[in-house]
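**Student:** One structure is given below, represented as structure tokens, and several questions about it will come after.
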Amino acid sequence: MKDLSLTQKYLICTVNEKGALPGYNQKMVACLIVSGLLEMQMAKCISISDKKITVCTELPEHMEYLTPLYNVINQGKPIKAEKAVETYTIAFTNKKLYELIDSLTKSLREADVVEPVKTGLLGNKDGYAPKKEIVMGIIEKIRAELLEDGEISENVIALTALMDKAGNLKDYFSKYEQKELKGRIEAIKKSKAGTLAKEMSQHIEALDMAAIIPLVFTNV
């Protein structure tokens, strides 16, 4: 099994036992889009400034699972970050969201971290759900780095902050652990070190969940 990216890990930890986002949860969808944007930013594929996204280079081949999202923001000119998120959260159809999830799921199948399941009301549709041991491996890495004495990576910080915003930390951690995780993230955000982890946590914190979940990036 190859190493999974931020977006792949987020999706694995968010979908239900049928491999679907629970009840089309807008917060979870918004955070999925943010994870993809942050991943492209870390790869210097895009830049984000003044609440706008600018495409800098072609999408790297190893990140082709983000092609649907890349195509949305690759308009030949900067696009508002809010508009990118709204394309998936308040669109008339879920077509673009399904395209992105299908692309991500394909990459997860190739990585052998999901398994076939039956979905649909009659159980006659094919789907793919994360393997439990893969999910628990991701969760244990979060626990080791943020609740114990492990070295803290940018990827884990971003994943934990996104899961917090999406509201699904409670699926894996006790109330006490959730409080500790949030405390560690807050400490990193306020630290003097100008790390990418700090920048990402500030970007995620800037998500405004109160108004149709628009994405608002701040300069850091």
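We label chains A, B, ... in the order they appear in the structure tokens, count residues from 1 in each chain, and number ligands from 1 in the order shown.
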Neighbouring residues of Tyr65 of chain A were defined as those with any atom within 6 Å, considering only C-alpha atoms; residues of the same chain fewer than 2 positions away were excluded. Please report them as a VMD selection string.
**Tutor:** chain A and resid 63 67 103 to 104
**Student:** I need the chosen residues saved as a short mmCIF file (atom, residue, chain, number, x, y, z; two decimals), in the first residue's frame, with C-alpha atoms.
**Tutor:**
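selection10.cif, written as the output of this step:
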data_model
loop_
_atom_site.label_atom_id
_atom_site.label_comp_id
_atom_site.auth_asym_id
_atom_site.auth_seq_id
_atom_site.Cartn_x
_atom_site.Cartn_y
_atom_site.Cartn_z
CA MET A 63 -2.29 13.77 -8.10
CA THR A 67 -8.31 16.40 -11.89
CA SER A 103 -11.88 9.89 -9.21
CA LEU A 104 -10.71 9.68 -5.60
#
**Student:** When you draw a straight line from atom CA of Ala20 of chain A to atom CA of Leu97 of chain A, how long is it in Å?
**Tutor:**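 Separation between atom CA of Ala20 of chain A and atom CA of Leu97 of chain A: 11.6 Å.
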**Student:** Considering only C-alpha atoms, can you say which of A:Ile142, A:Val117, A:Ile101, A:Met42 comes closest to Ser5 of chain A?
**Tutor:**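 With only C-alpha atoms as the atom set, the closest residue is A:Met42.
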**Student:** Between A:Gly183, A:Gly137, A:Pro68, A:Gly19, which one has atoms that come closest to Tyr88 of chain A, using only C-alpha atoms?
**Tutor:**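 Of A:Gly183, A:Gly137, A:Pro68, A:Gly19, the one nearest Tyr88 of chain A, counting only C-alpha atoms, is A:Pro68.
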